[in-house]
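Enquirer: This is the content of upload.tsv (TSV, C-alpha atoms):
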```tsv
chain	number	residue	atom	x	y	z
A	104	MET	CA	0.07	37.40	-13.42
A	105	ASP	CA	0.62	34.64	-10.87
A	106	PHE	CA	1.50	31.22	-12.30
A	107	SER	CA	2.28	29.55	-8.97
A	108	LEU	CA	0.25	26.70	-7.48
A	109	ASN	CA	-1.28	27.29	-4.07
A	110	ASP	CA	-1.01	24.74	-1.25
A	111	GLU	CA	-4.48	23.30	-1.91
A	112	GLN	CA	-3.68	22.74	-5.57
A	113	LYS	CA	-0.38	21.06	-4.71
A	114	MET	CA	-2.15	18.76	-2.22
A	115	MET	CA	-4.83	17.94	-4.78
A	116	ILE	CA	-2.23	17.05	-7.44
A	117	ASP	CA	-0.29	14.92	-4.97
A	118	THR	CA	-3.45	13.05	-3.94
A	119	VAL	CA	-4.40	12.23	-7.53
A	120	ARG	CA	-0.81	11.34	-8.42
A	121	ARG	CA	-0.50	8.99	-5.44
A	122	PHE	CA	-3.85	7.31	-6.20
A	123	ILE	CA	-2.77	6.67	-9.78
A	124	ALA	CA	0.62	5.29	-8.69
A	125	GLU	CA	-0.75	3.03	-5.97
A	126	GLU	CA	-4.13	1.93	-7.31
A	127	LEU	CA	-4.13	2.25	-11.10
A	128	LYS	CA	-0.56	1.70	-12.32
A	129	PRO	CA	-0.47	-1.93	-11.06
A	130	LEU	CA	-3.51	-2.68	-13.24
A	131	GLU	CA	-2.20	-1.25	-16.52
A	132	ASP	CA	-0.25	-4.23	-17.85
A	133	GLY	CA	-3.07	-6.67	-17.11
A	134	LEU	CA	-5.56	-4.37	-18.79
A	135	GLU	CA	-3.37	-4.11	-21.87
A	136	ASN	CA	-2.68	-7.84	-22.08
A	137	ASP	CA	-6.24	-9.01	-21.38
A	138	GLY	CA	-8.05	-6.23	-23.21
A	139	GLY	CA	-10.24	-5.58	-20.18
A	140	LEU	CA	-10.53	-5.59	-16.42
A	141	ALA	CA	-12.56	-7.91	-14.22
A	142	HIS	CA	-15.75	-6.26	-13.01
A	143	ASP	CA	-14.83	-6.64	-9.33
A	144	LYS	CA	-11.48	-4.88	-9.87
A	145	ALA	CA	-13.13	-2.10	-11.85
A	146	LEU	CA	-15.74	-1.65	-9.12
A	147	ALA	CA	-13.05	-1.62	-6.42
A	148	ILE	CA	-11.12	1.32	-7.90
A	149	HIS	CA	-14.44	3.05	-8.65
A	150	ASN	CA	-15.37	2.84	-4.96
A	151	LYS	CA	-11.90	3.81	-3.68
A	152	ALA	CA	-11.88	6.94	-5.81
A	153	LYS	CA	-15.33	7.92	-4.53
A	154	GLU	CA	-14.19	7.42	-0.91
A	155	LEU	CA	-11.32	9.86	-1.52
A	156	GLY	CA	-13.61	12.43	-3.16
A	157	LEU	CA	-11.97	11.98	-6.55
A	158	TYR	CA	-15.15	11.10	-8.47
A	159	ALA	CA	-17.10	13.63	-10.56
A	160	LEU	CA	-14.65	16.43	-9.81
A	161	ASN	CA	-16.30	18.64	-12.46
A	162	MET	CA	-19.73	18.56	-10.81
A	163	PRO	CA	-20.96	21.12	-8.23
A	164	ALA	CA	-20.24	20.37	-4.57
A	165	GLU	CA	-23.93	20.81	-3.65
A	166	LEU	CA	-24.70	17.80	-5.84
A	167	GLY	CA	-21.96	15.72	-4.26
A	168	GLY	CA	-19.29	16.44	-6.87
A	169	GLY	CA	-15.83	17.90	-6.47
A	170	GLY	CA	-16.93	21.48	-7.15
A	171	LEU	CA	-13.61	22.34	-8.78
A	172	SER	CA	-12.96	25.39	-10.90
A	173	ASN	CA	-12.06	24.76	-14.52
A	174	LEU	CA	-8.38	25.37	-13.80
A	175	ASP	CA	-8.33	23.06	-10.78
A	176	ARG	CA	-10.09	20.36	-12.76
A	177	ILE	CA	-7.50	20.74	-15.52
A	178	LEU	CA	-4.71	20.22	-12.99
A	179	CYS	CA	-6.31	16.89	-12.08
A	180	GLU	CA	-7.03	15.93	-15.68
A	181	GLU	CA	-3.36	16.43	-16.52
A	182	GLN	CA	-2.51	13.83	-13.88
A	183	PHE	CA	-5.17	11.49	-15.28
A	184	GLY	CA	-3.14	11.46	-18.49
A	185	HIS	CA	-0.47	9.46	-16.67
A	186	THR	CA	-2.62	6.31	-16.77
A	187	SER	CA	-4.91	4.34	-19.11
A	188	ASP	CA	-8.18	5.67	-20.51
A	189	TYR	CA	-10.29	2.82	-19.13
A	190	LEU	CA	-8.87	3.23	-15.61
A	191	ILE	CA	-9.53	6.98	-15.72
A	192	ARG	CA	-13.17	6.31	-16.57
A	193	ARG	CA	-13.65	3.74	-13.81
A	194	ALA	CA	-11.90	5.68	-11.07
A	195	PHE	CA	-12.80	9.29	-11.77
A	196	GLY	CA	-15.97	9.00	-13.85
A	197	ASN	CA	-17.32	10.75	-16.93
A	198	VAL	CA	-20.21	12.90	-15.72
A	199	TYR	CA	-21.12	15.13	-18.62
A	200	GLU	CA	-22.00	18.81	-18.13
A	201	PRO	CA	-25.30	18.67	-20.10
A	202	LEU	CA	-26.74	16.73	-17.15
A	203	LEU	CA	-26.68	19.99	-15.21
A	204	HIS	CA	-29.72	20.98	-17.30
A	205	CYS	CA	-31.77	18.30	-15.53
A	206	LYS	CA	-34.89	19.62	-13.80
A	207	GLY	CA	-37.55	18.21	-11.50
A	208	GLU	CA	-37.82	14.43	-11.70
A	209	GLN	CA	-34.72	14.30	-13.92
A	210	VAL	CA	-32.47	15.41	-11.07
A	211	GLU	CA	-33.22	12.39	-8.88
A	212	ARG	CA	-33.48	9.94	-11.77
A	213	TRP	CA	-30.37	10.77	-13.77
A	214	LEU	CA	-28.28	13.68	-12.45
A	215	LYS	CA	-27.72	12.81	-8.79
A	216	PRO	CA	-27.09	9.08	-9.41
A	217	ALA	CA	-24.55	10.01	-12.11
A	218	VAL	CA	-22.70	12.34	-9.75
A	219	ALA	CA	-22.81	9.73	-6.98
A	220	GLY	CA	-21.47	7.10	-9.35
A	221	THR	CA	-24.38	4.74	-8.79
A	222	ARG	CA	-25.35	5.24	-12.43
A	223	THR	CA	-22.96	5.95	-15.28
A	224	CYS	CA	-23.61	7.49	-18.67
A	225	ALA	CA	-22.03	7.97	-22.07
A	226	ILE	CA	-22.65	10.73	-24.58
A	227	THR	CA	-23.64	9.62	-28.09
A	228	ILE	CA	-23.14	12.01	-30.98
A	229	THR	CA	-21.03	10.16	-33.56
A	230	GLU	CA	-22.68	8.19	-36.35
A	231	SER	CA	-21.27	6.38	-39.37
A	232	GLY	CA	-22.06	9.42	-41.53
A	233	ALA	CA	-21.48	12.10	-38.89
A	234	GLY	CA	-18.10	12.33	-37.18
A	235	SER	CA	-16.55	15.80	-37.10
A	236	ASP	CA	-19.80	17.00	-38.72
A	237	ALA	CA	-21.87	16.66	-35.54
A	238	ALA	CA	-24.83	18.42	-37.16
A	239	GLY	CA	-25.03	15.77	-39.87
A	240	ILE	CA	-26.67	13.12	-37.68
A	241	LYS	CA	-29.54	10.99	-39.00
A	242	THR	CA	-30.88	9.61	-35.71
A	243	HIS	CA	-34.28	11.20	-35.11
A	244	ALA	CA	-37.00	11.38	-32.49
A	245	LYS	CA	-40.67	11.90	-33.31
A	246	LYS	CA	-43.07	13.38	-30.80
A	247	THR	CA	-46.09	11.23	-29.86
A	248	GLU	CA	-49.05	11.51	-27.49
A	249	THR	CA	-47.06	9.68	-24.81
A	250	GLY	CA	-43.61	11.22	-25.37
A	251	TRP	CA	-41.18	10.41	-28.17
A	252	VAL	CA	-40.15	7.54	-30.45
A	253	LEU	CA	-36.43	7.28	-31.19
A	254	ASN	CA	-34.95	5.73	-34.35
A	255	GLY	CA	-31.42	5.58	-35.71
A	256	SER	CA	-27.96	4.42	-34.71
A	257	LYS	CA	-24.69	5.60	-33.19
A	258	HIS	CA	-21.17	4.21	-33.31
A	259	PHE	CA	-17.77	4.60	-31.62
A	260	ILE	CA	-19.59	5.14	-28.31
A	261	SER	CA	-16.88	5.06	-25.68
A	262	ASP	CA	-17.72	3.26	-22.45
A	263	GLY	CA	-21.07	2.08	-23.79
A	264	GLU	CA	-20.65	-1.32	-22.15
A	265	TRP	CA	-20.33	0.10	-18.63
A	266	SER	CA	-22.98	2.81	-19.00
A	267	ASP	CA	-26.51	2.60	-17.58
A	268	PHE	CA	-27.92	5.40	-19.74
A	269	PHE	CA	-26.94	7.55	-22.69
A	270	LEU	CA	-27.17	11.19	-23.70
A	271	VAL	CA	-28.43	10.79	-27.25
A	272	SER	CA	-28.48	13.61	-29.81
A	273	ALA	CA	-31.35	13.21	-32.28
A	274	LYS	CA	-33.09	15.31	-34.88
A	275	THR	CA	-36.53	16.54	-33.80
A	276	GLY	CA	-37.08	18.65	-36.90
A	277	GLU	CA	-35.50	19.23	-40.29
A	278	LYS	CA	-32.73	21.38	-38.80
A	279	GLU	CA	-33.49	20.90	-35.12
A	280	ILE	CA	-31.47	18.66	-32.79
A	281	SER	CA	-32.50	17.73	-29.26
A	282	MET	CA	-30.86	15.62	-26.56
A	283	PHE	CA	-32.46	12.73	-24.72
A	284	MET	CA	-31.55	10.58	-21.72
A	285	VAL	CA	-32.05	7.01	-22.86
A	286	ASP	CA	-31.86	4.13	-20.38
A	287	LYS	CA	-30.20	0.91	-21.43
A	288	GLY	CA	-32.74	-1.90	-21.67
A	289	LEU	CA	-35.61	0.06	-23.18
A	290	PRO	CA	-37.64	-1.84	-25.83
A	291	GLY	CA	-36.05	-1.49	-29.26
A	292	PHE	CA	-32.69	-0.35	-27.85
A	293	THR	CA	-29.95	-2.76	-28.97
A	294	VAL	CA	-26.27	-2.65	-28.08
A	295	GLY	CA	-24.16	-3.75	-31.06
A	296	LYS	CA	-20.60	-4.92	-31.43
A	297	ASP	CA	-17.54	-3.49	-29.75
A	298	GLN	CA	-15.48	-1.88	-32.49
A	299	LYS	CA	-11.91	-2.88	-31.63
A	300	MET	CA	-9.32	-0.13	-31.71
A	301	MET	CA	-5.59	0.15	-32.37
A	302	GLY	CA	-5.05	1.73	-28.96
A	303	ILE	CA	-6.74	2.65	-25.65
A	304	ARG	CA	-7.38	-1.03	-25.00
A	305	GLY	CA	-10.08	-1.92	-22.51
A	306	THR	CA	-12.32	1.01	-23.39
A	307	PRO	CA	-15.24	-0.39	-25.41
A	308	HIS	CA	-16.47	1.52	-28.46
A	309	LEU	CA	-19.94	0.23	-29.15
A	310	GLU	CA	-22.57	0.49	-31.82
A	311	LEU	CA	-26.04	1.46	-30.59
A	312	PHE	CA	-29.28	0.85	-32.47
A	313	PHE	CA	-32.66	2.50	-31.80
A	314	ASP	CA	-35.69	0.85	-33.37
A	315	ASN	CA	-38.88	2.66	-32.34
A	316	VAL	CA	-37.56	3.16	-28.81
A	317	PRO	CA	-40.34	4.70	-26.66
A	318	LEU	CA	-39.23	7.67	-24.56
A	319	GLU	CA	-41.17	9.42	-21.83
A	320	PRO	CA	-41.56	13.21	-22.07
A	321	VAL	CA	-39.17	13.51	-19.09
A	322	ALA	CA	-36.37	11.97	-21.19
A	323	LEU	CA	-35.90	15.24	-23.09
A	324	LEU	CA	-32.87	17.05	-21.65
A	325	GLY	CA	-33.12	20.82	-21.75
A	326	ALA	CA	-35.44	22.50	-24.22
A	327	GLU	CA	-36.49	20.99	-27.53
A	328	GLY	CA	-34.00	22.06	-30.18
A	329	GLN	CA	-31.25	22.76	-27.63
A	330	GLY	CA	-29.43	19.47	-28.24
A	331	PHE	CA	-26.75	20.73	-30.62
A	332	LYS	CA	-25.81	23.53	-28.22
A	333	LEU	CA	-25.64	21.05	-25.33
A	334	ALA	CA	-23.53	18.64	-27.36
A	335	MET	CA	-21.09	21.33	-28.49
A	336	GLY	CA	-20.79	22.67	-24.95
A	337	ALA	CA	-19.96	19.19	-23.70
A	338	LEU	CA	-17.43	18.64	-26.49
A	339	ASN	CA	-15.68	21.92	-25.71
A	340	VAL	CA	-15.06	20.82	-22.14
A	341	VAL	CA	-14.02	17.33	-23.29
A	342	ARG	CA	-11.55	18.82	-25.78
A	343	LEU	CA	-9.90	20.93	-23.11
A	344	ALA	CA	-9.94	18.45	-20.23
A	345	GLN	CA	-9.99	14.93	-21.64
A	346	VAL	CA	-7.94	15.67	-24.75
A	347	GLY	CA	-5.80	18.76	-24.08
A	348	ALA	CA	-4.92	18.28	-20.42
A	349	ARG	CA	-4.62	14.49	-20.62
A	350	ALA	CA	-2.43	14.76	-23.72
A	351	VAL	CA	-0.10	17.05	-21.77
A	352	GLY	CA	-0.07	14.60	-18.87
A	353	LYS	CA	0.64	11.61	-21.09
A	354	ALA	CA	3.39	13.48	-22.96
A	355	THR	CA	4.90	14.46	-19.60
A	356	HIS	CA	4.89	10.85	-18.44
A	357	VAL	CA	6.49	9.63	-21.68
A	358	CYS	CA	9.10	12.40	-21.64
A	359	GLU	CA	10.13	11.47	-18.11
A	360	LEU	CA	10.63	7.84	-19.18
A	361	MET	CA	12.60	9.04	-22.20
A	362	LEU	CA	14.90	11.16	-20.03
A	363	GLU	CA	15.54	8.27	-17.63
A	364	TYR	CA	16.41	5.97	-20.52
A	365	ALA	CA	18.67	8.57	-22.16
A	366	ASN	CA	20.53	8.90	-18.85
A	367	ASP	CA	20.94	5.15	-18.33
A	368	ARG	CA	21.42	3.70	-21.83
A	369	LYS	CA	25.00	3.66	-23.13
A	370	GLN	CA	26.32	3.17	-26.63
A	371	PHE	CA	30.00	3.49	-27.60
A	372	ASN	CA	30.75	3.91	-23.86
A	373	THR	CA	28.67	7.10	-23.81
A	374	ARG	CA	25.22	7.89	-22.46
A	375	ILE	CA	22.90	8.33	-25.41
A	376	GLY	CA	21.65	11.50	-23.71
A	377	ASP	CA	25.05	13.02	-24.53
A	378	PHE	CA	24.50	12.60	-28.27
A	379	GLN	CA	23.39	15.86	-29.82
A	380	MET	CA	20.65	14.36	-31.99
A	381	VAL	CA	19.11	12.70	-28.94
A	382	GLN	CA	19.45	15.96	-27.02
A	383	GLN	CA	17.48	17.76	-29.72
A	384	MET	CA	14.63	15.26	-29.37
A	385	LEU	CA	14.66	15.71	-25.60
A	386	ALA	CA	14.81	19.51	-25.79
A	387	ASP	CA	12.03	19.76	-28.39
A	388	SER	CA	9.81	17.54	-26.24
A	389	VAL	CA	10.35	19.63	-23.11
A	390	ILE	CA	9.69	22.87	-25.01
A	391	GLU	CA	6.50	21.61	-26.67
A	392	ILE	CA	5.06	20.11	-23.48
A	393	ASN	CA	5.49	23.40	-21.63
A	394	ALA	CA	3.93	25.36	-24.48
A	395	ALA	CA	0.95	23.01	-24.63
A	396	ARG	CA	0.49	23.10	-20.86
A	397	TRP	CA	0.28	26.89	-20.72
A	398	MET	CA	-2.20	26.91	-23.58
A	399	VAL	CA	-4.39	24.48	-21.62
A	400	TYR	CA	-4.13	26.52	-18.42
A	401	HIS	CA	-4.91	29.77	-20.22
A	402	ALA	CA	-8.06	28.33	-21.83
A	403	ALA	CA	-9.22	26.98	-18.45
A	404	TRP	CA	-8.56	30.39	-16.86
A	405	MET	CA	-10.65	32.04	-19.57
A	406	LEU	CA	-13.58	29.72	-18.80
A	407	ASP	CA	-13.29	30.57	-15.09
A	408	GLN	CA	-13.50	34.28	-16.00
A	409	GLY	CA	-16.69	33.63	-17.96
A	410	LEU	CA	-14.96	34.37	-21.28
A	411	ASP	CA	-15.59	32.67	-24.61
A	412	ALA	CA	-12.68	30.25	-25.08
A	413	ARG	CA	-13.88	28.30	-28.11
A	414	GLU	CA	-11.01	29.34	-30.38
A	415	GLN	CA	-8.45	28.83	-27.63
A	416	ILE	CA	-9.81	25.33	-26.96
A	417	ALA	CA	-9.59	24.54	-30.69
A	418	MET	CA	-5.93	25.62	-30.60
A	419	VAL	CA	-5.36	23.46	-27.51
A	420	LYS	CA	-6.97	20.46	-29.21
A	421	VAL	CA	-4.61	20.70	-32.17
A	422	HIS	CA	-1.40	21.61	-30.37
A	423	ALA	CA	-1.69	19.29	-27.36
A	424	ALA	CA	-2.74	16.29	-29.46
A	425	GLU	CA	0.06	16.79	-31.96
A	426	THR	CA	2.60	17.49	-29.23
A	427	LEU	CA	1.73	14.14	-27.66
A	428	GLY	CA	2.18	12.41	-31.01
A	429	ARG	CA	5.59	13.97	-31.58
A	430	VAL	CA	6.81	13.27	-28.04
A	431	VAL	CA	5.81	9.60	-28.17
A	432	ASP	CA	7.32	9.19	-31.63
A	433	ARG	CA	10.62	10.58	-30.33
A	434	ALA	CA	10.41	8.25	-27.34
A	435	VAL	CA	10.16	5.23	-29.64
A	436	GLN	CA	13.26	6.49	-31.46
A	437	VAL	CA	15.22	7.10	-28.25
A	438	PHE	CA	14.32	3.67	-26.87
A	439	GLY	CA	15.20	2.10	-30.22
A	440	GLY	CA	14.20	-1.54	-30.57
A	441	MET	CA	12.89	-1.63	-27.01
A	442	GLY	CA	10.55	1.22	-27.87
A	443	PHE	CA	8.96	-1.01	-30.50
A	444	CYS	CA	8.77	-3.97	-28.14
A	445	LYS	CA	5.71	-4.86	-26.06
A	446	GLU	CA	7.96	-5.57	-23.08
A	447	LEU	CA	7.95	-1.83	-22.38
A	448	PRO	CA	4.90	0.49	-22.41
A	449	ILE	CA	6.33	2.92	-24.98
A	450	GLU	CA	4.73	1.12	-27.94
A	451	ARG	CA	1.40	1.19	-26.07
A	452	TYR	CA	1.68	4.94	-25.56
A	453	TYR	CA	2.52	5.32	-29.26
A	454	ARG	CA	-0.69	3.48	-30.24
A	455	ASP	CA	-2.79	5.29	-27.65
A	456	ALA	CA	-1.56	8.72	-28.76
A	457	ARG	CA	-2.72	8.41	-32.37
A	458	ILE	CA	-6.43	8.83	-31.64
A	459	TYR	CA	-5.91	12.23	-30.00
A	460	ARG	CA	-5.64	13.88	-33.42
A	461	ILE	CA	-8.98	12.35	-34.46
A	462	PHE	CA	-11.58	12.16	-31.70
A	463	ASP	CA	-13.65	15.17	-30.62
A	464	GLY	CA	-12.93	16.91	-33.92
A	465	THR	CA	-9.95	16.18	-36.16
A	466	SER	CA	-6.94	18.47	-36.27
A	467	GLU	CA	-7.98	19.47	-39.78
A	468	ILE	CA	-11.46	20.57	-38.69
A	469	HIS	CA	-10.08	22.60	-35.80
A	470	ARG	CA	-7.52	24.28	-38.05
A	471	THR	CA	-10.39	25.32	-40.32
A	472	VAL	CA	-12.24	26.79	-37.32
A	473	ILE	CA	-9.13	28.66	-36.17
A	474	ALA	CA	-8.37	30.01	-39.65
A	475	LYS	CA	-11.92	31.27	-40.19
A	476	SER	CA	-11.87	33.01	-36.79
A	477	ALA	CA	-8.49	34.57	-37.54
A	478	LEU	CA	-9.73	35.89	-40.90
A	479	LYS	CA	-12.74	37.38	-39.16
A	480	LYS	CA	-11.20	38.71	-35.94
A	481	GLY	CA	-7.64	39.43	-37.02
A	482	ALA	CA	-4.81	40.03	-34.55
A	483	GLN	CA	-7.00	39.86	-31.44
A	484	LEU	CA	-6.82	36.09	-31.79
A	485	PHE	CA	-3.04	36.04	-31.28
A	486	ASP	CA	-1.89	39.46	-30.08
A	487	VAL	CA	-2.03	41.14	-26.66
A	488	ASN	CA	-4.65	43.72	-25.70
A	489	ARG	CA	-6.15	44.13	-29.17
```
As structure tokens, please, write out the structure in this file.
Expert:
Amino acid sequence: MDFSLNDEQKMMIDTVRRFIAEELKPLEDGLENDGGLAHDKALAIHNKAKELGLYALNMPAELGGGGLSNLDRILCEEQFGHTSDYLIRRAFGNVYEPLLHCKGEQVERWLKPAVAGTRTCAITITESGAGSDAAGIKTHAKKTETGWVLNGSKHFISDGEWSDFFLVSAKTGEKEISMFMVDKGLPGFTVGKDQKMMGIRGTPHLELFFDNVPLEPVALLGAEGQGFKLAMGALNVVRLAQVGARAVGKATHVCELMLEYANDRKQFNTRIGDFQMVQQMLADSVIEINAARWMVYHAAWMLDQGLDAREQIAMVKVHAAETLGRVVDRAVQVFGGMGFCKELPIERYYRDARIYRIFDGTSEIHRTVIAKSALKKGAQLFDVNR
């Protein structure tokens, strides 16, 4: 087994890291303080990232995307974790894999513009009565002579304000779910309030309402009844890349700040990094970050081999999210009063970290999935060559 990075991967990481340091870091404090970013600034970093080929890295090169393997994408996503959620979205884009099922007219209308960054989209699964239970949605679409009519609502839709169209999961039968591409501005489509969050400031989380929204036949993505499979496929990738890898990156960033502070801060004429209880917090953080990182890389490698990595991704979701929470909590303790103070970003990272255990399936739901698989499959889920 070779765990080394090749020269291309090192160059790719350095490029992303430099872009974040030079273009995104200077915007973080203003974003946090103002709760948003001026449209011209958001558009500027959006365009700069596209010029450097850093936009839509997960999409095929023949469509204008980065064409990266799953592992290479994960290496970039880990670096994305070093900055704010909103800035990641503006600079690097969220182009969801279900769009690759576009055919015919759909390719020019939705897929290619999304990859090019001239149109942006958000995926809408969550409803007030359907969070981790993605199959429990109530939004429905009824077939008509001219296409479909969509009714229902969604909430907690990240990036809904910026998006031009939405991938909407809706029931098309009693137990059948389909996915539709719904353009903003259609009759009966209303954007509701922004549901303010404890953390990840700047990223809007909107309510969406569909009241007899007319949809053309071409709005159906994939086959009728394929929507749940498309949604779960998208969530699997999101869990690995946007939760697992970014959690590792954010924990890495926080741990580095914690180490610097432990080296510089003195109490009783001694560096606090020389106190054993502080050393335990530092050591545990380093150990857990490395463990989470290799879990993420292994799951990405499995996807590149064409293997089923659903259980491994569930493990990543739990372990990486909870590792981030523990690392940031320790950082607040090491920084002491300054860790609780808005003058430093540690308290921001603490607030931002909390959602990782909730979105895209709670830790409790994923533990249930893992336990059921373990009961069914036995040692092959955690042993070698079984």
Enquirer: Which one of A:Lys479, A:Tyr459, A:Gly168, A:Glu230 sits closest to A:Arg349 if you count only C-alpha atoms?
Expert: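 Checking each of A:Lys479, A:Tyr459, A:Gly168, A:Glu230 against A:Arg349, counting only C-alpha atoms, the winner is A:Tyr459.
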Enquirer: Suppose you want the space between atom CA of A:Ser272 and atom CA of A:Ser466; what is it in Å?
Expert: 23.0 Å
Enquirer: Could you give me, as an mmCIF file with C-alpha atoms, keeping the file's coordinate frame, the residues within 8 Å of A:Val357, counting all atoms listed in the file and dropping anything in the same chain fewer than 5 positions from it?
Expert:
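Once written, around_36.cif looks like this:
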```
data_model
loop_
_atom_site.group_PDB
_atom_site.id
_atom_site.type_symbol
_atom_site.label_atom_id
_atom_site.label_comp_id
_atom_site.auth_asym_id
_atom_site.auth_seq_id
_atom_site.Cartn_x
_atom_site.Cartn_y
_atom_site.Cartn_z
ATOM 1 C CA VAL A 430 6.810 13.270 -28.040
ATOM 2 C CA VAL A 431 5.810 9.600 -28.170
ATOM 3 C CA ALA A 434 10.410 8.250 -27.340
ATOM 4 C CA ILE A 449 6.330 2.920 -24.980
ATOM 5 C CA TYR A 452 1.680 4.940 -25.560
#
```
Enquirer: Could you pull the residues within 12 Å of A:Gly276, counting only C-alpha atoms, minus those fewer than 2 positions along the same chain, as an NGL selection string?
Expert: :A and (240-246 or 273-274 or 278-281 or 327-330)
Enquirer: Mind giving me the straight-line distance from atom CA of A:Ser256 to atom CA of A:Asp297 in Å, one decimal?
Expert: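 Computing it gives 14.0 Å between the two atoms.
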Enquirer: Identify, on the basis of all atoms listed in the file, every residue whose closest approach to stretch 248-253 of chain A does not exceed 10 Å; exclude the query and any residue fewer than 2 positions from it along the same chain; express the result as number ranges by chain.
Expert: A: 242-246, 255-256, 271, 273-275, 283, 285, 291-292, 312-323
Enquirer: Just want the 8 Å neighbourhood of stretch 179-181 of chain A, counted on all atoms listed in the file, with same-chain residues fewer than 3 positions away dropped. Output as a VMD selection string.
Expert: chain A and resid 115 to 116 119 175 to 176 184 to 185 344 to 345 348 to 353
Enquirer: Which polymer residues have any atom within 12 Å of an atom of A:Glu125, counting only C-alpha atoms, with same-chain residues fewer than 6 positions away left out, as a VMD selection string?
Expert: chain A and resid 117 to 119 131 148 151 to 152 186
Enquirer: Let me make sure I understand: among A:Ala147, A:Cys358, A:Leu174, A:Met284, which one has the smallest atom-to-atom distance to A:Val210 if we use only C-alpha atoms?
Expert: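 Among the listed residues, A:Met284 lies closest to A:Val210.
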Enquirer: So how many Å separate atom CA of A:Ile228 and atom CA of A:Asp463, to one decimal?
Expert: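 Separating atom CA of A:Ile228 from atom CA of A:Asp463 is a distance of 10.0 Å.
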Enquirer: Looking at A:Tyr199, A:Phe378, A:Phe443, A:Phe331, which one is nearest to A:Met282, with distances taken over all atoms listed in the file?
Expert: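 For A:Met282, the nearest of the given residues is A:Phe331.
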Enquirer: Nearest residue to A:Arg396 out of A:Gln182, A:Gln298, A:Gln379, A:Asn488, using all atoms listed in the file?
Expert: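 Checking each of A:Gln182, A:Gln298, A:Gln379, A:Asn488 against A:Arg396, counting all atoms listed in the file, the winner is A:Gln182.
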Enquirer: Between A:Lys299, A:Lys153, A:Arg451, A:Arg212, which one has atoms that come closest to A:Phe268, using all atoms listed in the file?
Expert: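 Among A:Lys299, A:Lys153, A:Arg451, A:Arg212, it is A:Arg212 that comes nearest to A:Phe268.
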Enquirer: Under the rule that all atoms listed in the file are counted, which of A:Tyr158, A:Phe183, A:Tyr400, A:Phe106 is the nearest residue to A:Ala124?
Expert: A:Phe183
